file target-v2.txt (compact mmCIF, C-alpha atoms and all ligand atoms)
# COMPACT_ATOMS: atom_id res chain seq x y z
CA MET A 1 -4.02 16.10 -25.32
CA ARG A 2 -4.67 12.97 -23.22
CA ASP A 3 -7.79 12.63 -21.08
CA VAL A 4 -5.76 11.14 -18.22
CA VAL A 5 -2.09 10.54 -17.46
CA VAL A 6 -1.55 8.07 -14.63
CA VAL A 7 1.90 8.33 -13.06
CA GLY A 8 2.84 4.96 -11.55
CA ALA A 9 1.96 1.47 -12.80
CA GLY A 10 1.49 -0.12 -9.37
CA ILE A 11 -1.80 -1.73 -8.35
CA ALA A 12 -3.48 1.60 -7.58
CA GLY A 13 -2.50 3.28 -10.86
CA CYS A 14 -3.21 0.22 -13.02
CA ALA A 15 -6.61 -0.43 -11.43
CA LEU A 16 -7.77 3.16 -11.90
CA ALA A 17 -6.32 3.37 -15.42
CA SER A 18 -8.03 0.17 -16.55
CA TRP A 19 -11.43 1.34 -15.26
CA VAL A 20 -11.18 4.82 -16.84
CA GLY A 21 -9.74 3.36 -20.08
CA LYS A 22 -12.51 0.77 -20.23
CA ALA A 23 -15.05 3.61 -20.01
CA GLY A 24 -13.67 4.80 -23.37
CA TYR A 25 -11.27 7.57 -22.34
CA ASP A 26 -7.75 8.11 -23.63
CA VAL A 27 -5.37 7.11 -20.81
CA LEU A 28 -1.57 7.03 -20.73
CA VAL A 29 0.18 5.21 -17.85
CA VAL A 30 3.86 6.02 -17.25
CA ASP A 31 6.25 4.46 -14.75
CA ALA A 32 9.81 5.29 -13.76
CA LYS A 33 10.88 1.63 -13.66
CA PRO A 34 12.62 0.34 -16.82
CA HIS A 35 10.14 -2.57 -17.06
CA PHE A 36 7.64 -4.54 -14.95
CA ILE A 37 9.03 -5.23 -11.48
CA PRO A 38 6.60 -6.47 -8.79
CA LYS A 39 6.19 -4.45 -5.62
CA VAL A 40 8.25 -5.30 -2.52
CA CYS A 41 5.29 -6.36 -0.35
CA SER A 42 4.25 -9.18 1.98
CA GLY A 43 1.02 -9.61 0.03
CA LEU A 44 -1.07 -10.25 3.15
CA ILE A 45 -4.39 -8.99 1.85
CA SER A 46 -7.81 -9.43 3.47
CA VAL A 47 -10.49 -11.48 1.74
CA ARG A 48 -12.23 -8.15 1.04
CA ILE A 49 -10.12 -8.08 -2.14
CA ASP A 50 -12.60 -10.60 -3.60
CA SER A 51 -15.28 -7.90 -3.68
CA LEU A 52 -12.96 -5.36 -5.29
CA LEU A 53 -11.21 -7.24 -8.05
CA ARG A 54 -11.05 -10.42 -10.12
CA TYR A 55 -7.58 -11.97 -10.16
CA PRO A 56 -6.03 -15.30 -11.19
CA SER A 57 -6.43 -17.98 -8.50
CA LYS A 58 -2.70 -18.74 -8.69
CA ALA A 59 -2.12 -15.33 -7.04
CA VAL A 60 -3.18 -16.88 -3.71
CA LEU A 61 -0.24 -18.66 -2.09
CA ASN A 62 -1.76 -19.25 1.33
CA GLU A 63 -4.87 -18.61 3.44
CA VAL A 64 -4.60 -17.11 6.92
CA ARG A 65 -7.15 -17.36 9.74
CA GLY A 66 -5.48 -15.48 12.55
CA ALA A 67 -2.54 -13.62 14.06
CA ARG A 68 -0.30 -13.92 17.12
CA PHE A 69 0.68 -10.62 18.70
CA PHE A 70 4.00 -10.90 20.56
CA ALA A 71 5.43 -8.69 23.29
CA GLY A 72 8.72 -10.42 24.14
CA LYS A 73 8.06 -14.17 24.26
CA ASP A 74 4.45 -13.82 25.42
CA PHE A 75 1.74 -13.61 22.84
CA VAL A 76 -1.98 -13.40 22.37
CA GLU A 77 -3.59 -15.23 19.47
CA LEU A 78 -6.68 -13.99 17.66
CA LYS A 79 -8.01 -16.56 15.25
CA ARG A 80 -11.28 -17.23 13.48
CA GLU A 81 -12.81 -20.29 11.83
CA LYS A 82 -12.90 -18.77 8.38
CA THR A 83 -10.07 -17.47 6.19
CA GLN A 84 -9.42 -13.80 7.02
CA ALA A 85 -6.65 -12.98 4.56
CA TYR A 86 -4.65 -14.36 1.68
CA VAL A 87 -0.92 -14.35 1.26
CA MET A 88 -0.77 -13.21 -2.34
CA ASP A 89 2.01 -13.49 -4.89
CA ARG A 90 2.56 -9.85 -5.78
CA SER A 91 4.24 -10.70 -9.06
CA VAL A 92 1.04 -12.48 -10.22
CA LEU A 93 -1.35 -9.82 -8.85
CA ASP A 94 0.66 -6.84 -10.14
CA PHE A 95 1.21 -8.38 -13.58
CA HIS A 96 -2.50 -9.17 -13.88
CA LEU A 97 -3.39 -5.53 -13.15
CA LEU A 98 -0.74 -4.30 -15.57
CA GLU A 99 -2.18 -6.54 -18.31
CA LYS A 100 -5.68 -5.23 -17.58
CA ALA A 101 -4.44 -1.64 -17.84
CA SER A 102 -2.53 -2.41 -21.06
CA LYS A 103 -5.76 -3.66 -22.67
CA HIS A 104 -7.47 -0.30 -22.29
CA CYS A 105 -4.60 2.23 -22.06
CA ASP A 106 -1.11 3.01 -23.37
CA VAL A 107 1.53 1.97 -20.85
CA GLU A 108 5.12 3.22 -21.08
CA PHE A 109 7.99 2.29 -18.75
CA GLY A 110 11.15 4.27 -18.12
CA TRP A 111 9.46 7.68 -17.78
CA LYS A 112 9.46 9.51 -14.47
CA ILE A 113 7.49 12.62 -13.67
CA VAL A 114 9.71 15.58 -12.81
CA GLY A 115 7.25 18.45 -13.14
CA VAL A 116 3.60 19.32 -13.39
CA GLU A 117 2.21 22.67 -14.47
CA LYS A 118 -1.43 23.72 -14.43
CA LYS A 119 -2.98 25.63 -17.33
CA ASP A 120 -6.60 26.87 -17.57
CA SER A 121 -8.33 23.57 -18.25
CA TYR A 122 -5.52 21.04 -18.32
CA ALA A 123 -2.15 20.12 -16.80
CA ILE A 124 1.23 19.58 -18.44
CA CYS A 125 3.38 16.75 -17.09
CA THR A 126 7.09 16.90 -17.64
CA LEU A 127 8.46 13.38 -18.04
CA LYS A 128 12.11 12.34 -18.11
CA LYS A 129 13.78 9.21 -19.48
CA GLY A 130 17.59 9.32 -19.31
CA GLY A 131 18.48 12.53 -21.14
CA ASP A 132 15.09 12.81 -22.90
CA ILE A 133 12.47 15.26 -21.69
CA ARG A 134 8.88 15.12 -22.90
CA LYS A 135 5.83 17.20 -22.09
CA VAL A 136 2.37 15.60 -22.10
CA LYS A 137 -0.88 17.54 -21.78
CA ALA A 138 -3.73 15.90 -19.87
CA ARG A 139 -7.09 16.94 -18.49
CA VAL A 140 -6.33 14.90 -15.37
CA VAL A 141 -3.04 13.72 -13.90
CA VAL A 142 -3.18 10.91 -11.32
CA GLY A 143 -0.15 10.71 -9.05
CA ALA A 144 -0.07 7.01 -8.14
CA ASP A 145 3.69 7.08 -7.77
CA GLY A 146 4.06 5.37 -4.43
CA ALA A 147 5.15 6.12 -0.87
CA LEU A 148 7.81 8.68 -1.85
CA SER A 149 5.55 10.25 -4.52
CA THR A 150 7.10 13.02 -6.62
CA THR A 151 3.63 14.18 -7.71
CA ARG A 152 2.69 14.64 -4.04
CA LYS A 153 5.79 16.80 -3.52
CA LEU A 154 5.11 18.77 -6.70
CA ILE A 155 1.67 19.85 -5.41
CA GLY A 156 2.99 20.50 -1.90
CA ALA A 157 0.75 17.93 -0.17
CA GLY A 158 1.41 15.28 2.48
CA LYS A 159 3.95 17.10 4.61
CA ASN A 160 2.10 15.69 7.64
CA LEU A 161 2.85 12.05 6.72
CA LYS A 162 5.33 9.70 8.35
CA VAL A 163 7.25 7.19 6.22
CA ILE A 164 8.37 3.81 7.57
CA THR A 165 11.17 1.75 5.99
CA GLY A 166 10.13 -1.87 5.43
CA ALA A 167 12.47 -4.82 4.84
CA LEU A 168 11.65 -8.44 4.08
CA ALA A 169 13.30 -11.75 3.18
CA TYR A 170 12.10 -15.28 2.42
CA VAL A 171 13.58 -18.35 4.09
CA GLU A 172 12.85 -22.06 3.84
CA GLU A 173 11.39 -23.64 6.95
CA GLU A 174 10.57 -27.30 7.53
CA ARG A 175 7.73 -27.11 10.03
CA VAL A 176 5.41 -24.27 9.38
CA GLU A 177 2.03 -23.60 10.97
CA GLU A 178 0.42 -22.30 7.84
CA ASP A 179 -2.68 -20.36 8.86
CA VAL A 180 -1.33 -17.93 11.48
CA VAL A 181 0.91 -14.90 11.03
CA GLU A 182 3.07 -13.44 13.81
CA LEU A 183 3.47 -9.78 14.71
CA HIS A 184 6.39 -8.98 17.03
CA TYR A 185 6.36 -5.61 18.77
CA ASP A 186 10.08 -5.24 19.31
CA ARG A 187 11.22 -1.76 20.34
CA LYS A 188 14.88 -2.37 19.42
CA LEU A 189 14.56 -4.04 16.01
CA ALA A 190 11.34 -2.40 14.82
CA PRO A 191 11.01 1.00 16.54
CA GLY A 192 7.85 2.81 15.41
CA PHE A 193 6.35 -0.31 13.81
CA PHE A 194 6.69 -4.11 14.25
CA ALA A 195 8.35 -7.21 12.87
CA TRP A 196 6.45 -10.08 11.25
CA ARG A 197 6.59 -13.69 10.19
CA ILE A 198 4.26 -14.84 7.42
CA PRO A 199 3.99 -18.46 6.19
CA ARG A 200 3.77 -18.40 2.41
CA GLY A 201 2.24 -21.83 1.92
CA ASP A 202 5.09 -23.17 -0.20
CA GLY A 203 7.57 -24.26 2.47
CA THR A 204 8.92 -20.73 2.80
CA VAL A 205 8.29 -18.09 5.42
CA GLU A 206 8.59 -14.34 5.02
CA TYR A 207 10.38 -12.47 7.79
CA GLY A 208 9.97 -8.71 7.72
CA LEU A 209 9.96 -5.55 9.75
CA GLY A 210 9.22 -1.86 9.56
CA THR A 211 11.15 0.84 11.35
CA ASP A 212 11.09 4.63 11.68
CA SER A 213 14.79 4.81 12.64
CA GLY A 214 17.96 2.74 12.43
CA ASN A 215 18.98 0.32 9.71
CA ALA A 216 16.05 -1.84 8.57
CA VAL A 217 18.27 -4.33 6.71
CA GLU A 218 20.66 -4.90 9.64
CA ASN A 219 17.71 -5.23 12.01
CA LEU A 220 16.01 -7.79 9.77
CA VAL A 221 19.19 -9.86 9.58
CA LYS A 222 19.23 -9.88 13.42
CA PHE A 223 15.50 -10.72 13.59
CA CYS A 224 16.00 -13.71 11.26
CA LYS A 225 18.98 -14.89 13.33
CA ARG A 226 16.66 -15.09 16.34
CA PHE A 227 14.76 -17.83 14.48
CA GLY A 228 17.96 -19.61 13.47
CA HIS A 229 18.23 -18.19 9.93
CA GLU A 230 21.36 -16.67 8.40
CA VAL A 231 20.08 -14.16 5.86
CA GLY A 232 22.51 -12.26 3.66
CA ARG A 233 22.02 -8.51 3.30
CA ARG A 234 21.64 -8.98 -0.45
CA ASP A 235 18.64 -11.28 0.09
CA VAL A 236 16.74 -8.50 1.87
CA LYS A 237 14.31 -6.37 -0.13
CA VAL A 238 13.41 -2.85 0.98
CA GLY A 239 10.35 -0.65 0.45
CA PHE A 240 8.57 2.27 2.08
CA ILE A 241 5.21 2.61 3.83
CA PRO A 242 3.48 5.99 4.35
CA LEU A 243 1.41 6.50 7.49
CA GLY A 244 -1.21 9.08 8.42
CA LEU A 245 -4.26 10.81 6.98
CA ILE A 246 -2.99 13.05 4.19
CA ASP A 247 -3.89 16.75 4.47
CA ARG A 248 -4.86 17.04 0.77
CA SER A 249 -5.10 14.53 -2.09
CA CYS A 250 -6.14 16.74 -5.01
CA ASP A 251 -5.59 20.00 -6.82
CA ASP A 252 -6.87 21.51 -10.07
CA ASN A 253 -6.52 18.69 -12.68
CA ILE A 254 -4.59 16.45 -10.24
CA LEU A 255 -5.41 13.53 -7.92
CA LEU A 256 -3.15 11.48 -5.66
CA LEU A 257 -3.90 7.79 -5.26
CA GLY A 258 -2.68 4.73 -3.33
CA ASP A 259 0.53 5.06 -1.33
CA ALA A 260 1.04 8.52 -2.86
CA ALA A 261 -2.11 9.57 -0.95
CA SER A 262 -1.18 7.43 2.09
CA GLN A 263 -4.27 5.26 1.62
CA VAL A 264 -2.72 2.73 3.98
CA LYS A 265 -3.78 1.12 7.28
CA PRO A 266 -1.42 2.62 9.89
CA PHE A 267 -1.87 -0.30 12.27
CA SER A 268 -0.53 -2.89 9.80
CA GLY A 269 0.96 -0.96 6.86
CA GLY A 270 -1.43 -2.76 4.47
CA GLY A 271 -2.37 -0.61 1.50
CA ALA A 272 -3.73 -2.96 -1.16
CA VAL A 273 -7.41 -2.94 -0.11
CA TYR A 274 -7.52 0.82 0.58
CA SER A 275 -5.73 1.57 -2.73
CA LEU A 276 -8.30 -0.46 -4.65
CA ILE A 277 -11.27 1.11 -2.82
CA CYS A 278 -9.86 4.56 -3.63
CA ALA A 279 -9.00 3.64 -7.22
CA ARG A 280 -12.70 2.87 -7.77
CA ILE A 281 -13.73 6.18 -6.16
CA GLY A 282 -11.06 8.00 -8.20
CA SER A 283 -12.12 6.42 -11.49
CA ASP A 284 -15.77 7.38 -10.82
CA ALA A 285 -14.72 10.97 -10.01
CA ILE A 286 -12.58 11.22 -13.15
CA THR A 287 -15.23 9.85 -15.52
CA LYS A 288 -17.72 12.29 -13.98
CA ALA A 289 -15.21 15.16 -14.40
CA LEU A 290 -14.65 14.22 -18.04
CA GLU A 291 -18.40 14.09 -18.70
CA MET A 292 -18.96 17.47 -17.02
CA ASN A 293 -15.74 19.06 -18.25
CA ASN A 294 -14.93 20.18 -14.71
CA PHE A 295 -11.41 19.47 -13.44
CA SER A 296 -11.27 21.97 -10.59
CA LYS A 297 -9.83 21.30 -7.15
CA GLU A 298 -13.32 21.95 -5.71
CA PHE A 299 -14.84 19.27 -7.98
CA PHE A 300 -12.22 16.67 -7.04
CA THR A 301 -12.46 17.60 -3.36
CA GLU A 302 -16.21 16.92 -3.44
CA HIS A 303 -16.20 13.85 -5.69
CA TYR A 304 -12.91 12.22 -4.70
CA GLU A 305 -11.26 13.42 -1.51
CA ASN A 306 -14.42 13.78 0.58
CA VAL A 307 -15.76 10.44 -0.67
CA TRP A 308 -12.64 8.41 0.12
CA LYS A 309 -12.08 10.17 3.42
CA ASP A 310 -15.72 9.42 4.36
CA GLU A 311 -15.04 5.77 3.66
CA ILE A 312 -11.61 5.24 5.22
CA GLY A 313 -10.41 8.56 6.71
CA ARG A 314 -11.70 7.83 10.21
CA LYS A 315 -10.20 4.33 10.04
CA ILE A 316 -6.80 5.79 9.17
CA GLU A 317 -7.08 8.22 12.11
CA VAL A 318 -8.07 5.44 14.54
CA GLY A 319 -5.29 3.21 13.18
CA MET A 320 -2.80 6.06 13.66
CA ALA A 321 -3.98 6.64 17.24
CA ILE A 322 -3.55 2.92 18.04
CA ARG A 323 -0.14 2.95 16.32
CA LYS A 324 0.97 5.93 18.51
CA LEU A 325 -0.39 4.27 21.64
CA MET A 326 1.52 1.06 20.95
CA ASP A 327 4.71 3.01 20.20
CA ALA A 328 4.39 4.77 23.56
CA LEU A 329 4.14 1.53 25.58
CA ASP A 330 7.21 -0.28 26.86
CA GLU A 331 7.48 -4.08 26.62
CA GLY A 332 5.96 -4.67 30.05
CA GLU A 333 2.99 -2.43 29.27
CA LEU A 334 2.51 -4.16 25.91
CA GLU A 335 2.49 -7.56 27.67
CA GLU A 336 -0.20 -6.20 29.98
CA LEU A 337 -2.21 -4.85 27.03
CA PHE A 338 -2.04 -8.19 25.22
CA ARG A 339 -3.02 -9.98 28.45
CA ILE A 340 -6.18 -7.81 28.60
CA VAL A 341 -6.87 -8.52 24.92
CA GLY A 342 -6.40 -12.25 25.65
CA GLU A 343 -8.95 -12.08 28.48
CA ASN A 344 -11.45 -10.38 26.16
CA LYS A 345 -10.80 -12.39 23.02
CA VAL A 346 -14.44 -13.03 22.27
CA SER A 347 -15.30 -9.30 22.24
CA PHE A 348 -12.19 -8.45 20.21
CA LEU A 349 -12.95 -11.14 17.66
CA ARG A 350 -16.52 -9.89 17.41
CA MET A 351 -15.40 -6.28 16.79
CA ALA A 352 -12.06 -6.43 15.04
CA ASP A 353 -11.91 -6.04 11.27
CA MET A 354 -8.38 -6.11 9.86
CA ASP A 355 -9.28 -3.44 7.29
CA PHE A 356 -11.66 -1.25 9.22
CA LEU A 357 -10.36 -0.68 12.75
CA GLY A 358 -12.65 1.71 14.55
CA THR A 359 -15.82 0.69 12.72
C1 LIG B 401 7.76 -4.15 3.00
C2 LIG B 401 6.32 -3.88 2.65
C3 LIG B 401 5.34 -4.81 3.00
C4 LIG B 401 4.01 -4.57 2.68
N1 LIG B 401 3.08 -5.52 2.99
C5 LIG B 401 1.78 -5.32 2.67
C6 LIG B 401 0.83 -6.33 2.93
O1 LIG B 401 1.14 -7.41 3.45
N2 LIG B 401 -0.47 -6.09 2.57
C7 LIG B 401 -0.85 -4.91 1.97
O2 LIG B 401 -2.05 -4.72 1.69
N3 LIG B 401 0.06 -3.95 1.71
C8 LIG B 401 1.36 -4.12 2.02
N4 LIG B 401 2.28 -3.17 1.73
C9 LIG B 401 1.81 -1.92 1.09
C10 LIG B 401 1.39 -2.16 -0.36
O3 LIG B 401 2.40 -2.82 -1.05
C11 LIG B 401 1.09 -0.81 -1.02
O4 LIG B 401 0.19 -0.08 -0.20
C12 LIG B 401 0.43 -0.95 -2.38
O5 LIG B 401 1.14 -1.83 -3.20
C13 LIG B 401 0.33 0.45 -2.99
O6 LIG B 401 0.37 0.43 -4.35
P1 LIG B 401 0.60 1.77 -5.21
O7 LIG B 401 0.19 1.40 -6.58
O8 LIG B 401 -0.03 2.93 -4.54
O9 LIG B 401 2.14 2.06 -5.12
P2 LIG B 401 3.45 1.24 -5.74
O10 LIG B 401 3.07 -0.17 -5.85
O11 LIG B 401 4.55 1.64 -4.91
O12 LIG B 401 3.52 1.83 -7.20
C14 LIG B 401 4.04 3.10 -7.46
C15 LIG B 401 4.67 3.08 -8.84
O13 LIG B 401 5.08 4.42 -9.15
C16 LIG B 401 6.33 4.38 -9.81
N5 LIG B 401 7.00 5.67 -9.59
C17 LIG B 401 7.61 6.11 -8.47
N6 LIG B 401 8.09 7.36 -8.66
C18 LIG B 401 7.77 7.70 -9.94
C19 LIG B 401 7.99 8.88 -10.72
N7 LIG B 401 8.63 9.96 -10.24
N8 LIG B 401 7.53 8.90 -12.01
C20 LIG B 401 6.89 7.81 -12.51
N9 LIG B 401 6.67 6.68 -11.80
C21 LIG B 401 7.09 6.62 -10.53
C22 LIG B 401 7.05 3.20 -9.18
O14 LIG B 401 8.04 2.68 -10.07
C23 LIG B 401 5.91 2.21 -8.93
O15 LIG B 401 5.76 1.27 -9.98
C24 LIG B 401 3.63 -3.37 2.02
C25 LIG B 401 4.61 -2.44 1.66
C26 LIG B 401 5.94 -2.69 1.97
C27 LIG B 401 6.98 -1.68 1.58
call {"tool": "encode", "arguments": {"input": "target-v2.txt", "output": "structure tokens"}}
result
Amino acid sequence: MRDVVVVGAGIAGCALASWVGKAGYDVLVVDAKPHFIPKVCSGLISVRIDSLLRYPSKAVLNEVRGARFFAGKDFVELKREKTQAYVMDRSVLDFHLLEKASKHCDVEFGWKIVGVEKKDSYAICTLKKGGDIRKVKARVVVGADGALSTTRKLIGAGKNLKVITGALAYVEEERVEEDVVELHYDRKLAPGFFAWRIPRGDGTVEYGLGTDSGNAVENLVKFCKRFGHEVGRRDVKVGFIPLGLIDRSCDDNILLLGDAASQVKPFSGGGAVYSLICARIGSDAITKALEMNNFSKEFFTEHYENVWKDEIGRKIEVGMAIRKLMDALDEGELEELFRIVGENKVSFLRMADMDFLGT
């Protein structure tokens, strides 16, 4: 019997696993991927990450001080003196967290969760690798298996969530203004989300977009063409982003974490900071549960779900409301909205926090 099985070796799963493992508990991390593969992600992460995690300095590719919000060709720019966010190299960040987890836990690739069954005081995970099936008992199972989480489906949670398809590609660009990102609210190419342009600090720029309908890859190729870049379909990477405040993130012996629990900012699709905040809350809840030998849904609701929802639940709801409002506006109305924001820049800059909208 394991104390904890973490399903998913992304940043959320690895962070939680390393903290629980470091506290002296027996933790197994499993991941469906055959080996380490970094997450498809822009890596635009607020400086708040510095208070959540230590990471190698080479993970930071670029520092960003502001953003330009485009409706058509018009834009409003919000920029501060100080660095607001880093563009991080996800292969460095993800590998660092995997190494940290491997120090304190067993990590096995190639195993995907296909079932979870609850017994009196523990759960049994069914794991599959090719034709092999294996059952592992654990006091706690953490479903950190991403935006399309199987664990979430197995416990019947998250039916209220929306999932966006994201696509991105890197191109070389000669003249790059390094410290500003661009967000393009384009109804045709990025319905239900937006397109972006992020300077990576190494002579390359990331072009990306999210969409709730249509073909994300085709749309990204068209978006890149607008900036004079011919991008092949095979150069485009695709991933998924969950949006919305999940109805339930725990059950007896089971927690959901990170993208699996939709701990993501709906306004931007950023999930790294929220995942790490919730991984800390989750690891505290699990160590407490192991000390008290209480793995009930009620315990995890009180010590995990209510705690993380107190911290970021309202922000997710506000972000979702803003997301819906922006989706409902046509280009002319968006231009008008950005004009108003432009006229009130000082107040917006005083209030706006890229992680905590609605604070
Ligand atoms: C295109 C795109 C751009 C993004 N840009 C940003 C950004 O700029 N800033 C930001 O903060 N966030 C961004 N995000 C979101 C961010 O990447 C995620 O919120 C964050 O990485 C969540 O990590 P996670 O560990 O929860 O999930 P993941 O990193 O998705 O990890 C889940 C793991 O579970 C494994 N898994 C899946 N199914 C199973 C299964 N059945 N059994 C076992 N293992 C399984 C997967 O192989 C994977 O390793 C972006 C996402 C996308 C798609």
call {"tool": "residues_around", "arguments": {"input": "target-v2.txt", "residues": "A:Lys159", "least_positions_apart": "4", "cutoff": "9 Å", "atoms": "only C-alpha atoms", "output": "PDB file with C-alpha atoms, in the coordinates of the input"}}
result
ATOM      1  CA  LYS A 153       5.790  16.800  -3.520  1.00  0.00           C
ATOM      2  CA  ILE A 246      -2.990  13.050   4.190  1.00  0.00           C
ATOM      3  CA  ASP A 247      -3.890  16.750   4.470  1.00  0.00           C
TER       4      ASP A 247
END
call {"tool": "residues_around", "arguments": {"input": "target-v2.txt", "residues": "A:His35", "least_positions_apart": "6", "cutoff": "12 Å", "atoms": "only C-alpha atoms", "output": "PDB file with C-alpha atoms, in the coordinates of the input"}}
result
ATOM      1  CA  GLY A   8       2.840   4.960 -11.550  1.00  0.00           C
ATOM      2  CA  ALA A   9       1.960   1.470 -12.800  1.00  0.00           C
ATOM      3  CA  GLY A  10       1.490  -0.120  -9.370  1.00  0.00           C
ATOM      4  CA  PHE A  95       1.210  -8.380 -13.580  1.00  0.00           C
ATOM      5  CA  LEU A  98      -0.740  -4.300 -15.570  1.00  0.00           C
ATOM      6  CA  VAL A 107       1.530   1.970 -20.850  1.00  0.00           C
ATOM      7  CA  GLU A 108       5.120   3.220 -21.080  1.00  0.00           C
ATOM      8  CA  PHE A 109       7.990   2.290 -18.750  1.00  0.00           C
ATOM      9  CA  GLY A 110      11.150   4.270 -18.120  1.00  0.00           C
ATOM     10  CA  TRP A 111       9.460   7.680 -17.780  1.00  0.00           C
TER      11      TRP A 111
END
call {"tool": "closest_residue", "arguments": {"input": "target-v2.txt", "among": "A:Asp31, A:Glu230, A:Glu317, A:Asp212", "to": "ligand LIG 401 (chain B)", "atoms": "only C-alpha atoms and all ligand atoms"}}
result
A:Asp31
call {"tool": "closest_residue", "arguments": {"input": "target-v2.txt", "among": "A:Lys103, A:Lys58, A:Lys39, A:Lys82", "to": "A:Lys22", "atoms": "only C-alpha atoms"}}
result
A:Lys103
call {"tool": "closest_residue", "arguments": {"input": "target-v2.txt", "among": "A:Ala261, A:Gly166, A:Ile316, A:Ser249", "to": "A:Leu220", "atoms": "all atoms listed in the file"}}
result
A:Gly166
call {"tool": "atom_distance", "arguments": {"input": "target-v2.txt", "atom1": "atom CA of A:Arg248", "atom2": "atom CA of A:Ser213"}}
result
26.0 Å
call {"tool": "axis_aligned_box", "arguments": {"input": "target-v2.txt", "around": "stretch 224-241 of chain A", "padding_each_side": "4 Å", "output": "AutoDock Vina command-line options"}}
result
--center_x 13.9 --center_y -8.5 --center_z 7.9 --size_x 25.3 --size_y 30.2 --size_z 24.8
call {"tool": "closest_residue", "arguments": {"input": "target-v2.txt", "among": "A:Arg68, A:Tyr185, A:Ile277, A:Glu172", "to": "A:Gly228", "atoms": "all atoms listed in the file"}}
result
A:Glu172
call {"tool": "residues_near_point", "arguments": {"input": "target-v2.txt", "point": "(-5.0, -13.4, -7.1)", "cutoff": "8 Å", "atoms": "all atoms listed in the file", "output": "JSON, numbers by chain"}}
result
{"A": [54, 55, 56, 57, 58, 59, 60, 88, 89, 92, 93]}
call {"tool": "closest_residue", "arguments": {"input": "target-v2.txt", "among": "A:Ala15, A:Val136, A:Val64, A:Val171", "to": "ligand LIG 401 (chain B)", "atoms": "all atoms listed in the file"}}
result
A:Ala15
call {"tool": "atom_distance", "arguments": {"input": "target-v2.txt", "atom1": "atom CA of A:Leu148", "atom2": "atom CA of A:Ile322"}}
result
23.6 Å
call {"tool": "residues_near_ligand", "arguments": {"input": "target-v2.txt", "ligand": "ligand LIG 401 (chain B)", "cutoff": "6 Å", "atoms": "only C-alpha atoms and all ligand atoms", "output": "ChimeraX atom specification"}}
result
/A:7-13,30-33,39-45,111-113,144-146,149-150,166-168,239-241,258-260,264,269-273
call {"tool": "write_last_selection", "arguments": {"input": "target-v2.txt", "atoms": "C-alpha atoms", "output": "short mmCIF file (atom, residue, chain, number, x, y, z; two decimals), in the frame of the given file"}}
result
data_model
loop_
_atom_site.label_atom_id
_atom_site.label_comp_id
_atom_site.auth_asym_id
_atom_site.auth_seq_id
_atom_site.Cartn_x
_atom_site.Cartn_y
_atom_site.Cartn_z
CA VAL A 7 1.90 8.33 -13.06
CA GLY A 8 2.84 4.96 -11.55
CA ALA A 9 1.96 1.47 -12.80
CA GLY A 10 1.49 -0.12 -9.37
CA ILE A 11 -1.80 -1.73 -8.35
CA ALA A 12 -3.48 1.60 -7.58
CA GLY A 13 -2.50 3.28 -10.86
CA VAL A 30 3.86 6.02 -17.25
CA ASP A 31 6.25 4.46 -14.75
CA ALA A 32 9.81 5.29 -13.76
CA LYS A 33 10.88 1.63 -13.66
CA LYS A 39 6.19 -4.45 -5.62
CA VAL A 40 8.25 -5.30 -2.52
CA CYS A 41 5.29 -6.36 -0.35
CA SER A 42 4.25 -9.18 1.98
CA GLY A 43 1.02 -9.61 0.03
CA LEU A 44 -1.07 -10.25 3.15
CA ILE A 45 -4.39 -8.99 1.85
CA TRP A 111 9.46 7.68 -17.78
CA LYS A 112 9.46 9.51 -14.47
CA ILE A 113 7.49 12.62 -13.67
CA ALA A 144 -0.07 7.01 -8.14
CA ASP A 145 3.69 7.08 -7.77
CA GLY A 146 4.06 5.37 -4.43
CA SER A 149 5.55 10.25 -4.52
CA THR A 150 7.10 13.02 -6.62
CA GLY A 166 10.13 -1.87 5.43
CA ALA A 167 12.47 -4.82 4.84
CA LEU A 168 11.65 -8.44 4.08
CA GLY A 239 10.35 -0.65 0.45
CA PHE A 240 8.57 2.27 2.08
CA ILE A 241 5.21 2.61 3.83
CA GLY A 258 -2.68 4.73 -3.33
CA ASP A 259 0.53 5.06 -1.33
CA ALA A 260 1.04 8.52 -2.86
CA VAL A 264 -2.72 2.73 3.98
CA GLY A 269 0.96 -0.96 6.86
CA GLY A 270 -1.43 -2.76 4.47
CA GLY A 271 -2.37 -0.61 1.50
CA ALA A 272 -3.73 -2.96 -1.16
CA VAL A 273 -7.41 -2.94 -0.11
#
call {"tool": "atom_distance", "arguments": {"input": "target-v2.txt", "atom1": "atom CA of A:Gly72", "atom2": "atom CA of A:Val47"}}
result
29.5 Å
call {"tool": "decode", "arguments": {"input": "target-v2.txt", "residues": "stretch 14-18 of chain A", "atoms": "N, CA and C atoms", "output": "short mmCIF file (atom, residue, chain, number, x, y, z; two decimals), in the first residue's frame"}}
result
data_model
loop_
_atom_site.label_atom_id
_atom_site.label_comp_id
_atom_site.auth_asym_id
_atom_site.auth_seq_id
_atom_site.Cartn_x
_atom_site.Cartn_y
_atom_site.Cartn_z
N CYS A 14 4.18 17.02 -9.85
CA CYS A 14 5.56 16.91 -9.35
C CYS A 14 5.77 17.80 -8.12
N ALA A 15 5.19 19.01 -8.13
CA ALA A 15 5.37 19.89 -6.97
C ALA A 15 4.74 19.25 -5.73
N LEU A 16 3.49 18.83 -5.86
CA LEU A 16 2.83 18.21 -4.70
C LEU A 16 3.57 16.96 -4.24
N ALA A 17 3.95 16.12 -5.20
CA ALA A 17 4.63 14.86 -4.84
C ALA A 17 5.92 15.13 -4.09
N SER A 18 6.69 16.13 -4.55
CA SER A 18 7.99 16.37 -3.90
C SER A 18 7.77 16.86 -2.47
#
